[in-house]
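Chemist: See final37.csv below, with CSV, C-alpha atoms.
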```
chain,number,residue,atom,x,y,z
W,1,MET,CA,0.0,0.0,0.0
W,2,VAL,CA,1.0,3.6,-0.5
W,3,GLY,CA,2.2,5.2,2.8
W,4,ALA,CA,-0.4,7.1,4.8
W,5,LEU,CA,-0.7,10.8,5.0
W,6,GLN,CA,-1.6,12.7,8.2
W,7,THR,CA,-3.0,15.9,6.7
W,8,PRO,CA,-6.4,17.0,8.2
W,9,PHE,CA,-9.3,16.7,5.7
W,10,ASN,CA,-10.0,20.4,5.5
W,11,LYS,CA,-6.4,21.2,4.5
W,12,PHE,CA,-5.8,18.3,2.1
W,13,ASN,CA,-4.9,18.7,-1.6
W,14,PRO,CA,-4.6,15.7,-3.9
W,15,LYS,CA,-1.1,17.0,-4.9
W,16,GLN,CA,0.1,15.7,-1.5
W,17,LEU,CA,-0.2,12.2,-2.8
W,18,GLY,CA,2.6,12.9,-5.3
W,19,SER,CA,3.0,12.7,-9.0
W,20,ALA,CA,4.3,9.1,-8.7
W,21,VAL,CA,0.9,8.1,-7.1
W,22,ILE,CA,-1.5,10.2,-9.2
W,23,LEU,CA,-1.4,8.9,-12.8
W,24,SER,CA,-3.8,11.6,-14.0
W,25,TRP,CA,-6.0,14.3,-12.5
W,26,TYR,CA,-8.6,16.3,-14.5
W,27,ASP,CA,-10.2,19.2,-12.6
W,28,ALA,CA,-12.7,21.2,-14.7
W,29,SER,CA,-11.9,24.3,-12.7
W,30,THR,CA,-8.5,24.5,-14.5
W,31,ILE,CA,-10.2,24.9,-17.9
W,32,SER,CA,-10.3,28.5,-19.1
W,33,GLY,CA,-13.0,29.9,-21.4
W,34,ASN,CA,-16.6,30.9,-21.5
W,35,ASP,CA,-19.8,29.0,-20.7
W,36,GLY,CA,-20.7,26.9,-23.7
W,37,ASP,CA,-17.2,26.8,-25.2
W,38,ALA,CA,-16.1,23.5,-26.8
W,39,VAL,CA,-13.4,21.7,-24.8
W,40,SER,CA,-10.6,20.6,-27.1
W,41,SER,CA,-8.0,20.3,-24.3
W,42,TRP,CA,-8.0,19.5,-20.6
W,43,THR,CA,-4.7,19.8,-18.7
W,44,ASP,CA,-3.5,17.0,-16.5
W,45,SER,CA,-3.0,18.5,-13.0
W,46,SER,CA,-1.0,15.5,-11.8
W,47,GLY,CA,2.3,16.8,-13.2
W,48,ASN,CA,2.6,13.8,-15.5
W,49,GLY,CA,1.6,15.6,-18.7
W,50,ARG,CA,-1.3,13.4,-19.7
W,51,THR,CA,-3.4,16.2,-21.1
W,52,LEU,CA,-6.7,15.2,-22.6
W,53,SER,CA,-7.5,16.4,-26.1
W,54,GLN,CA,-10.0,16.1,-28.9
W,55,GLY,CA,-9.2,17.5,-32.4
W,56,VAL,CA,-12.6,16.8,-34.0
W,57,GLY,CA,-15.1,19.6,-33.2
W,58,ALA,CA,-18.1,17.3,-33.3
W,59,LEU,CA,-16.6,15.1,-30.6
W,60,GLN,CA,-15.6,17.9,-28.2
W,61,PRO,CA,-17.6,18.2,-25.0
W,62,THR,CA,-18.8,21.6,-23.6
W,63,LEU,CA,-17.6,23.7,-20.8
W,64,LYS,CA,-20.3,24.8,-18.2
W,65,LYS,CA,-19.5,27.5,-15.7
W,66,GLY,CA,-20.9,29.2,-12.7
W,67,ALA,CA,-24.5,28.5,-12.1
W,68,ASN,CA,-24.5,26.1,-15.0
W,69,GLY,CA,-21.7,24.0,-13.2
W,70,LEU,CA,-21.6,22.4,-9.8
W,71,ASN,CA,-21.4,24.5,-6.6
W,72,GLY,CA,-20.1,27.4,-8.7
W,73,LYS,CA,-17.3,25.2,-10.2
W,74,ASN,CA,-16.8,24.3,-13.8
W,75,VAL,CA,-18.0,21.0,-15.2
W,76,VAL,CA,-17.6,19.4,-18.6
W,77,LEU,CA,-20.8,18.3,-20.4
W,78,PHE,CA,-20.8,15.2,-22.6
W,79,ASP,CA,-23.7,14.8,-25.1
W,80,GLY,CA,-23.4,11.1,-26.1
W,81,THR,CA,-21.0,11.7,-29.0
W,82,ASP,CA,-18.1,13.4,-27.1
W,83,THR,CA,-14.9,11.9,-25.9
W,84,LEU,CA,-11.4,13.1,-24.8
W,85,THR,CA,-8.2,11.0,-24.9
W,86,THR,CA,-4.7,11.2,-23.5
W,87,GLY,CA,-3.3,9.4,-26.5
W,88,THR,CA,-1.2,7.3,-24.1
W,89,GLN,CA,-1.3,3.8,-22.5
W,90,TYR,CA,-0.9,4.2,-18.7
W,91,LEU,CA,-3.5,2.0,-17.2
W,92,ASN,CA,-1.9,-1.4,-16.7
W,93,THR,CA,-3.9,-4.3,-15.2
W,94,ALA,CA,-0.6,-5.6,-13.7
W,95,ASN,CA,-1.0,-2.8,-11.1
W,96,LYS,CA,-3.5,-2.0,-8.5
W,97,HIS,CA,-5.4,1.3,-8.8
W,98,THR,CA,-7.6,3.8,-6.9
W,99,CYS,CA,-9.9,6.0,-8.9
W,100,PHE,CA,-12.2,8.9,-8.1
W,101,ALA,CA,-14.9,10.8,-10.2
W,102,VAL,CA,-17.4,13.6,-9.5
W,103,ILE,CA,-19.9,12.9,-12.2
W,104,LYS,CA,-23.6,12.6,-13.1
W,105,GLN,CA,-25.5,10.8,-15.8
W,106,THR,CA,-28.4,12.6,-17.5
W,107,THR,CA,-30.2,9.2,-17.9
W,108,VAL,CA,-29.4,5.7,-16.5
W,109,ALA,CA,-27.6,3.9,-19.4
W,110,ASP,CA,-24.4,2.1,-20.3
W,111,HIS,CA,-22.0,5.1,-20.1
W,112,GLU,CA,-18.3,5.0,-19.7
W,113,ILE,CA,-16.4,7.1,-17.1
W,114,PHE,CA,-13.1,6.0,-18.7
W,115,GLY,CA,-12.0,3.0,-20.8
W,116,ASN,CA,-9.1,1.9,-22.8
W,117,ASP,CA,-10.1,-1.4,-24.5
W,118,THR,CA,-13.3,-2.6,-26.3
W,119,ALA,CA,-12.4,-6.3,-26.0
W,120,GLY,CA,-12.3,-6.3,-22.2
W,121,ASN,CA,-8.5,-6.9,-21.9
W,122,GLY,CA,-7.8,-3.5,-20.3
W,123,PHE,CA,-9.3,-1.3,-17.6
W,124,ASN,CA,-12.8,0.2,-18.0
W,125,TRP,CA,-15.0,1.9,-15.3
W,126,ARG,CA,-18.5,2.7,-16.3
W,127,PHE,CA,-22.2,3.0,-15.4
W,128,ARG,CA,-24.6,0.3,-16.3
W,129,ASN,CA,-28.3,0.2,-16.8
W,130,ASN,CA,-29.7,-2.9,-15.0
W,131,GLY,CA,-33.4,-2.7,-15.7
W,132,GLY,CA,-33.6,1.0,-14.9
W,133,THR,CA,-31.3,0.7,-11.9
W,134,GLN,CA,-27.9,2.5,-12.1
W,135,GLN,CA,-24.9,0.2,-11.5
W,136,LEU,CA,-21.2,0.7,-11.5
W,137,ARG,CA,-19.2,-1.8,-13.5
W,138,ILE,CA,-15.5,-2.4,-13.7
W,139,VAL,CA,-13.7,-4.5,-16.3
W,140,ARG,CA,-10.2,-5.6,-15.4
W,141,GLY,CA,-8.7,-8.0,-17.9
W,142,GLN,CA,-11.8,-10.0,-18.6
W,143,VAL,CA,-12.9,-9.8,-14.9
W,144,VAL,CA,-16.3,-8.0,-14.6
W,145,ALA,CA,-18.1,-6.9,-11.4
W,146,ASP,CA,-21.3,-4.8,-11.0
W,147,TRP,CA,-22.7,-2.9,-8.1
W,148,ASN,CA,-26.0,-1.0,-7.6
W,149,THR,CA,-25.1,2.7,-6.7
W,150,GLY,CA,-28.4,3.8,-5.1
W,151,ILE,CA,-28.0,7.1,-7.1
W,152,GLY,CA,-29.8,7.2,-10.5
W,153,ALA,CA,-30.3,9.7,-13.2
W,154,ASP,CA,-29.4,13.4,-13.2
W,155,THR,CA,-27.8,13.4,-9.7
W,156,TRP,CA,-24.3,14.5,-8.9
W,157,ALA,CA,-22.2,12.1,-6.7
W,158,TYR,CA,-18.6,11.3,-6.0
W,159,TYR,CA,-17.5,7.8,-6.7
W,160,THR,CA,-14.5,5.8,-5.6
W,161,LEU,CA,-13.0,2.6,-7.0
W,162,ILE,CA,-10.3,0.6,-5.3
W,163,THR,CA,-9.2,-2.4,-7.4
W,164,ARG,CA,-6.7,-4.9,-6.0
W,165,CYS,CA,-6.8,-7.4,-8.8
W,166,THR,CA,-3.6,-7.6,-10.8
W,167,THR,CA,-2.5,-9.7,-13.9
W,168,GLY,CA,-1.8,-13.2,-12.6
W,169,ALA,CA,-2.7,-12.4,-9.0
W,170,ALA,CA,-6.0,-12.5,-7.2
W,171,GLY,CA,-7.5,-9.5,-5.5
W,172,THR,CA,-10.8,-7.8,-4.6
W,173,SER,CA,-12.3,-4.5,-5.8
W,174,THR,CA,-14.3,-2.0,-3.7
W,175,GLN,CA,-16.7,0.6,-4.9
W,176,ARG,CA,-17.8,3.6,-2.8
W,177,VAL,CA,-20.4,6.3,-3.4
W,178,ASN,CA,-20.5,9.6,-1.5
W,179,GLY,CA,-18.0,8.3,1.0
W,180,SER,CA,-19.6,4.9,1.8
W,181,ASP,CA,-18.9,1.4,0.6
W,182,ILE,CA,-21.6,-0.1,-1.7
W,183,SER,CA,-19.9,-3.4,-2.2
W,184,THR,CA,-16.6,-5.4,-2.4
W,185,SER,CA,-16.2,-8.1,-5.1
W,186,GLY,CA,-14.9,-11.5,-4.5
W,187,SER,CA,-11.3,-12.3,-5.2
W,188,ALA,CA,-10.4,-12.6,-8.9
W,189,THR,CA,-7.3,-12.7,-11.1
W,190,CYS,CA,-6.9,-10.4,-14.0
W,191,THR,CA,-5.8,-11.9,-17.3
W,192,GLY,CA,-5.5,-8.8,-19.5
W,193,SER,CA,-2.9,-6.3,-20.6
W,194,PRO,CA,-2.4,-2.5,-20.6
W,195,ALA,CA,-4.5,-2.3,-23.8
W,196,GLY,CA,-5.0,1.0,-25.6
W,197,ASN,CA,-5.0,4.8,-25.1
W,198,VAL,CA,-7.2,6.1,-22.2
W,199,HIS,CA,-10.4,7.8,-23.1
W,200,ILE,CA,-12.7,9.8,-20.8
W,201,GLY,CA,-16.4,9.7,-21.5
W,202,SER,CA,-16.3,6.7,-23.9
W,203,LEU,CA,-15.0,3.2,-24.2
W,204,ALA,CA,-11.8,3.6,-26.2
W,205,GLY,CA,-13.5,6.3,-28.3
W,206,ALA,CA,-15.8,3.7,-29.9
W,207,THR,CA,-18.9,3.1,-27.8
W,208,GLU,CA,-20.7,3.7,-24.5
W,209,PHE,CA,-20.4,7.5,-24.8
W,210,LEU,CA,-21.4,9.4,-21.7
W,211,VAL,CA,-24.5,11.5,-21.6
W,212,GLY,CA,-23.9,13.7,-18.5
W,213,ALA,CA,-21.2,15.8,-16.9
W,214,LEU,CA,-17.9,15.4,-15.3
W,215,ALA,CA,-16.4,17.8,-12.7
W,216,GLU,CA,-13.3,16.0,-11.6
W,217,SER,CA,-11.4,12.7,-12.2
W,218,ILE,CA,-8.4,11.3,-10.3
W,219,ILE,CA,-6.7,8.0,-11.2
W,220,CYS,CA,-4.0,6.8,-8.8
W,221,GLU,CA,-1.4,4.0,-9.0
W,222,GLY,CA,-1.7,1.5,-6.2
W,223,GLU,CA,-4.2,0.8,-3.4
W,224,LEU,CA,-4.5,4.0,-1.3
W,225,THR,CA,-4.8,3.7,2.4
W,226,ALA,CA,-8.2,4.3,4.0
W,227,LEU,CA,-6.8,7.6,5.3
W,228,GLN,CA,-5.7,8.7,1.9
W,229,TYR,CA,-8.9,7.8,0.0
W,230,THR,CA,-11.1,9.3,2.7
W,231,GLN,CA,-9.1,12.5,2.5
W,232,VAL,CA,-9.6,12.7,-1.3
W,233,GLU,CA,-13.3,12.0,-0.8
W,234,ALA,CA,-13.6,14.7,1.9
W,235,TYR,CA,-11.8,17.2,-0.5
W,236,LEU,CA,-14.3,16.4,-3.3
W,237,LYS,CA,-17.3,16.5,-0.9
W,238,GLN,CA,-16.4,20.0,0.4
W,239,LYS,CA,-15.3,21.4,-3.0
W,240,TYR,CA,-18.6,20.5,-4.7
W,241,GLY,CA,-21.0,20.8,-1.8
W,242,LEU,CA,-22.1,17.1,-2.0
```
In structure tokens, what does this structure look like?
Modeler:
Amino acid sequence: MVGALQTPFNKFNPKQLGSAVILSWYDASTISGNDGDAVSSWTDSSGNGRTLSQGVGALQPTLKKGANGLNGKNVVLFDGTDTLTTGTQYLNTANKHTCFAVIKQTTVADHEIFGNDTAGNGFNWRFRNNGGTQQLRIVRGQVVADWNTGIGADTWAYYTLITRCTTGAAGTSTQRVNGSDISTSGSATCTGSPAGNVHIGSLAGATEFLVGALAESIICEGELTALQYTQVEAYLKQKYGL
């Protein structure tokens, strides 16, 4: 596990985890521009240079600011055809990960938070429509697990994923919503590979396009300690008034 931090929740900043831990960090408040502008680029705040981009105008999401955002903060609106990509392969199923997202779906459907492989060999985190009930699904190298979120459509929430399954080694995965566990999967062994480039708001830029909005996403290498992930959750809760 990554070493624990001792910073009080109200003074915590994700940068304290360090750039070696945070693989990517997308905070919509860092995007400059006017309400309604197309988002062609989203800077990675982790320090690792994994900036998201989209060169095709029809596939660019939209910046929403102020009262049109969340708690006065910017958000990025995806309309079901939009996606952004880092153009790099940095999600490896040989490693454990801890991920966070402040996000809402407009409707309950199969929508991707991020995904890098359409064949199921990589690492995908998405919403799933289970007969009208919103679920969270993770795919880690052909290993699939689903959980009911208790949230639903058009509702902002902050989500946490802690996945301990690695290629060739068994491990569980835990999903959390608004700071509380919703489930932990049984032990499973990943059989996949790093797969392709990481896309936000779609599965590898090909399917399961998000209809909704994203305020912030943080993807970390390794299994964060309980202190660390609850510090990140408290930071997100306070920042977005959730």
Chemist: Hey, can you check how far CA of Glu112 in chain W sits from CA of Ala215 in chain W?
Modeler: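 About the pair CA of Glu112 in chain W and CA of Ala215 in chain W: they are 14.7 Å apart.
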Chemist: Could you give me, as a list of chain:residue names, the residues within 9 Å of Ala153 in chain W, counting all atoms listed in the file and dropping anything in the same chain fewer than 6 positions from it?
Modeler: W:Lys104, W:Gln105, W:Thr106, W:Thr107, W:Val108, W:Ala109, W:Gln134
Chemist: Determine, counting all atoms listed in the file, which protein, DNA and RNA residues have an atom within 6 Å of an atom of Thr174 in chain W; residues of the same chain fewer than 3 positions away are not included. Present the result as a PyMOL selection string.
Modeler: chain W and resi 161-162+183-184
Chemist: Could you turn the residues from that selection into a file that holds C-alpha atoms, as an mmCIF file, in the frame of the given file?
Modeler:
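Once written, again16.cif looks like this:
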```
data_model
loop_
_atom_site.group_PDB
_atom_site.id
_atom_site.type_symbol
_atom_site.label_atom_id
_atom_site.label_comp_id
_atom_site.auth_asym_id
_atom_site.auth_seq_id
_atom_site.Cartn_x
_atom_site.Cartn_y
_atom_site.Cartn_z
ATOM 1 C CA LEU W 161 -13.000 2.600 -7.000
ATOM 2 C CA ILE W 162 -10.300 0.600 -5.300
ATOM 3 C CA SER W 183 -19.900 -3.400 -2.200
ATOM 4 C CA THR W 184 -16.600 -5.400 -2.400
#
```
Chemist: Between range 45-74 of chain W and range 81-93 of chain W, at 8 Å or less, what are the per-residue closest atom pairs and their distances in Å? Count all atoms listed in the file, order by chain and rising residue number, and return it as a Markdown table.
Modeler:
```
| residue | atom | partner | partner_atom | distance |
| --- | --- | --- | --- | --- |
| W:Arg50 | CA | W:Thr86 | CA | 5.6 |
| W:Thr51 | CA | W:Thr86 | CA | 5.7 |
| W:Leu52 | CA | W:Thr86 | CA | 4.6 |
| W:Ser53 | CA | W:Leu84 | CA | 5.3 |
| W:Gln54 | CA | W:Leu84 | CA | 5.3 |
| W:Ala58 | CA | W:Asp82 | CA | 7.3 |
| W:Leu59 | CA | W:Asp82 | CA | 4.2 |
| W:Gln60 | CA | W:Asp82 | CA | 5.3 |
| W:Pro61 | CA | W:Asp82 | CA | 5.3 |
```
Chemist: Compare W:Asn74, W:Ser217, W:Asn34, W:Gln228 by their minimum atom-to-atom distance to Leu17 in chain W, counting only C-alpha atoms, and give me the closest one.
Modeler: W:Gln228
Chemist: Just how far from CA of Gly141 in chain W is CA of Val211 in chain W, in Å to one decimal?
Modeler: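 Answer for the CA of Val211 in chain W to CA of Gly141 in chain W separation: 25.4 Å.
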Chemist: Tell me, in Å to one decimal, how far CA of Ala204 in chain W is from CA of Lys65 in chain W.
Modeler: 27.2 Å
Chemist: I'd like to know which of W:Thr167, W:Asn129, W:Ser29, W:Glu221 is closest to Gly72 in chain W, using only C-alpha atoms.
Modeler: W:Ser29
Chemist: Please determine, counting all atoms listed in the file, which residue among W:Ile151, W:Ile182, W:Val76, W:Ile113 has the shortest atom-to-atom distance to Gly201 in chain W.
Modeler: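 Smallest separation from Gly201 in chain W among the options: W:Ile113.
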Chemist: For Asn178 in chain W, which of W:Ala94, W:Ala101, W:Leu214, W:Ala157 is the closest residue, counting all atoms listed in the file?
Modeler: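 For Asn178 in chain W, the nearest of the given residues is W:Ala157.
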Chemist: Can you patch up range 31-56 of chain W, filling it in to N, CA, C and O atoms, and show the result as a PDB file, in the frame of the given file?
Modeler:
```pdb
ATOM      1  N   ILE W  31      -9.951  24.631 -16.478  1.00  0.00           N
ATOM      2  CA  ILE W  31     -10.200  24.900 -17.900  1.00  0.00           C
ATOM      3  C   ILE W  31     -10.668  26.384 -18.022  1.00  0.00           C
ATOM      4  O   ILE W  31     -11.628  26.811 -17.383  1.00  0.00           O
ATOM      5  N   SER W  32      -9.971  27.140 -18.837  1.00  0.00           N
ATOM      6  CA  SER W  32     -10.300  28.500 -19.100  1.00  0.00           C
ATOM      7  C   SER W  32     -11.289  28.614 -20.265  1.00  0.00           C
ATOM      8  O   SER W  32     -11.339  27.723 -21.104  1.00  0.00           O
ATOM      9  N   GLY W  33     -12.045  29.697 -20.319  1.00  0.00           N
ATOM     10  CA  GLY W  33     -13.000  29.900 -21.400  1.00  0.00           C
ATOM     11  C   GLY W  33     -14.320  30.360 -20.924  1.00  0.00           C
ATOM     12  O   GLY W  33     -14.509  30.643 -19.727  1.00  0.00           O
ATOM     13  N   ASN W  34     -15.264  30.445 -21.826  1.00  0.00           N
ATOM     14  CA  ASN W  34     -16.600  30.900 -21.500  1.00  0.00           C
ATOM     15  C   ASN W  34     -17.600  29.785 -21.447  1.00  0.00           C
ATOM     16  O   ASN W  34     -17.376  28.706 -22.005  1.00  0.00           O
ATOM     17  N   ASP W  35     -18.699  30.031 -20.756  1.00  0.00           N
ATOM     18  CA  ASP W  35     -19.800  29.000 -20.700  1.00  0.00           C
ATOM     19  C   ASP W  35     -20.240  28.679 -22.081  1.00  0.00           C
ATOM     20  O   ASP W  35     -20.519  29.554 -22.896  1.00  0.00           O
ATOM     21  N   GLY W  36     -20.290  27.384 -22.359  1.00  0.00           N
ATOM     22  CA  GLY W  36     -20.700  26.900 -23.700  1.00  0.00           C
ATOM     23  C   GLY W  36     -19.606  26.687 -24.662  1.00  0.00           C
ATOM     24  O   GLY W  36     -19.862  26.193 -25.763  1.00  0.00           O
ATOM     25  N   ASP W  37     -18.366  27.036 -24.290  1.00  0.00           N
ATOM     26  CA  ASP W  37     -17.200  26.800 -25.200  1.00  0.00           C
ATOM     27  C   ASP W  37     -16.993  25.291 -25.364  1.00  0.00           C
ATOM     28  O   ASP W  37     -17.179  24.493 -24.425  1.00  0.00           O
ATOM     29  N   ALA W  38     -16.541  24.903 -26.555  1.00  0.00           N
ATOM     30  CA  ALA W  38     -16.100  23.500 -26.800  1.00  0.00           C
ATOM     31  C   ALA W  38     -14.798  23.285 -26.069  1.00  0.00           C
ATOM     32  O   ALA W  38     -13.932  24.164 -26.008  1.00  0.00           O
ATOM     33  N   VAL W  39     -14.644  22.086 -25.507  1.00  0.00           N
ATOM     34  CA  VAL W  39     -13.400  21.700 -24.800  1.00  0.00           C
ATOM     35  C   VAL W  39     -12.580  20.828 -25.714  1.00  0.00           C
ATOM     36  O   VAL W  39     -12.924  19.671 -25.971  1.00  0.00           O
ATOM     37  N   SER W  40     -11.495  21.391 -26.217  1.00  0.00           N
ATOM     38  CA  SER W  40     -10.600  20.600 -27.100  1.00  0.00           C
ATOM     39  C   SER W  40      -9.392  20.109 -26.333  1.00  0.00           C
ATOM     40  O   SER W  40      -8.680  19.227 -26.825  1.00  0.00           O
ATOM     41  N   SER W  41      -9.162  20.648 -25.111  1.00  0.00           N
ATOM     42  CA  SER W  41      -8.000  20.300 -24.300  1.00  0.00           C
ATOM     43  C   SER W  41      -8.304  20.401 -22.838  1.00  0.00           C
ATOM     44  O   SER W  41      -8.972  21.357 -22.431  1.00  0.00           O
ATOM     45  N   TRP W  42      -7.819  19.448 -22.051  1.00  0.00           N
ATOM     46  CA  TRP W  42      -8.000  19.500 -20.600  1.00  0.00           C
ATOM     47  C   TRP W  42      -6.720  19.072 -19.938  1.00  0.00           C
ATOM     48  O   TRP W  42      -6.284  17.932 -20.021  1.00  0.00           O
ATOM     49  N   THR W  43      -6.070  20.025 -19.295  1.00  0.00           N
ATOM     50  CA  THR W  43      -4.700  19.800 -18.700  1.00  0.00           C
ATOM     51  C   THR W  43      -4.755  18.830 -17.582  1.00  0.00           C
ATOM     52  O   THR W  43      -5.642  18.862 -16.721  1.00  0.00           O
ATOM     53  N   ASP W  44      -3.753  17.973 -17.541  1.00  0.00           N
ATOM     54  CA  ASP W  44      -3.500  17.000 -16.500  1.00  0.00           C
ATOM     55  C   ASP W  44      -2.859  17.745 -15.303  1.00  0.00           C
ATOM     56  O   ASP W  44      -1.735  18.225 -15.430  1.00  0.00           O
ATOM     57  N   SER W  45      -3.544  17.817 -14.146  1.00  0.00           N
ATOM     58  CA  SER W  45      -3.000  18.500 -13.000  1.00  0.00           C
ATOM     59  C   SER W  45      -2.052  17.674 -12.148  1.00  0.00           C
ATOM     60  O   SER W  45      -1.524  18.143 -11.135  1.00  0.00           O
ATOM     61  N   SER W  46      -1.809  16.427 -12.549  1.00  0.00           N
ATOM     62  CA  SER W  46      -1.000  15.500 -11.800  1.00  0.00           C
ATOM     63  C   SER W  46       0.521  15.871 -11.885  1.00  0.00           C
ATOM     64  O   SER W  46       1.332  15.458 -11.054  1.00  0.00           O
ATOM     65  N   GLY W  47       0.881  16.573 -12.958  1.00  0.00           N
ATOM     66  CA  GLY W  47       2.300  16.800 -13.200  1.00  0.00           C
ATOM     67  C   GLY W  47       2.899  15.815 -14.192  1.00  0.00           C
ATOM     68  O   GLY W  47       4.083  15.912 -14.532  1.00  0.00           O
ATOM     69  N   ASN W  48       2.086  14.848 -14.637  1.00  0.00           N
ATOM     70  CA  ASN W  48       2.600  13.800 -15.500  1.00  0.00           C
ATOM     71  C   ASN W  48       2.399  14.093 -17.005  1.00  0.00           C
ATOM     72  O   ASN W  48       2.806  13.297 -17.852  1.00  0.00           O
ATOM     73  N   GLY W  49       1.758  15.213 -17.322  1.00  0.00           N
ATOM     74  CA  GLY W  49       1.600  15.600 -18.700  1.00  0.00           C
ATOM     75  C   GLY W  49       0.656  14.845 -19.547  1.00  0.00           C
ATOM     76  O   GLY W  49       0.747  14.862 -20.782  1.00  0.00           O
ATOM     77  N   ARG W  50      -0.299  14.173 -18.910  1.00  0.00           N
ATOM     78  CA  ARG W  50      -1.300  13.400 -19.700  1.00  0.00           C
ATOM     79  C   ARG W  50      -2.508  14.224 -19.991  1.00  0.00           C
ATOM     80  O   ARG W  50      -3.631  13.923 -19.564  1.00  0.00           O
ATOM     81  N   THR W  51      -2.302  15.281 -20.730  1.00  0.00           N
ATOM     82  CA  THR W  51      -3.400  16.200 -21.100  1.00  0.00           C
ATOM     83  C   THR W  51      -4.371  15.497 -22.027  1.00  0.00           C
ATOM     84  O   THR W  51      -3.987  14.805 -22.961  1.00  0.00           O
ATOM     85  N   LEU W  52      -5.675  15.687 -21.739  1.00  0.00           N
ATOM     86  CA  LEU W  52      -6.700  15.200 -22.600  1.00  0.00           C
ATOM     87  C   LEU W  52      -6.907  16.101 -23.791  1.00  0.00           C
ATOM     88  O   LEU W  52      -6.773  17.322 -23.656  1.00  0.00           O
ATOM     89  N   SER W  53      -7.257  15.550 -24.939  1.00  0.00           N
ATOM     90  CA  SER W  53      -7.500  16.400 -26.100  1.00  0.00           C
ATOM     91  C   SER W  53      -8.515  15.748 -27.037  1.00  0.00           C
ATOM     92  O   SER W  53      -8.793  14.548 -26.948  1.00  0.00           O
ATOM     93  N   GLN W  54      -9.063  16.573 -27.907  1.00  0.00           N
ATOM     94  CA  GLN W  54     -10.000  16.100 -28.900  1.00  0.00           C
ATOM     95  C   GLN W  54      -9.912  17.118 -30.094  1.00  0.00           C
ATOM     96  O   GLN W  54     -10.303  18.277 -29.952  1.00  0.00           O
ATOM     97  N   GLY W  55      -9.404  16.665 -31.221  1.00  0.00           N
ATOM     98  CA  GLY W  55      -9.200  17.500 -32.400  1.00  0.00           C
ATOM     99  C   GLY W  55     -10.420  17.653 -33.279  1.00  0.00           C
ATOM    100  O   GLY W  55     -10.466  18.538 -34.138  1.00  0.00           O
ATOM    101  N   VAL W  56     -11.404  16.769 -33.110  1.00  0.00           N
ATOM    102  CA  VAL W  56     -12.600  16.800 -34.000  1.00  0.00           C
ATOM    103  C   VAL W  56     -13.690  17.564 -33.269  1.00  0.00           C
ATOM    104  O   VAL W  56     -14.152  17.195 -32.189  1.00  0.00           O
TER     105      VAL W  56
END
```
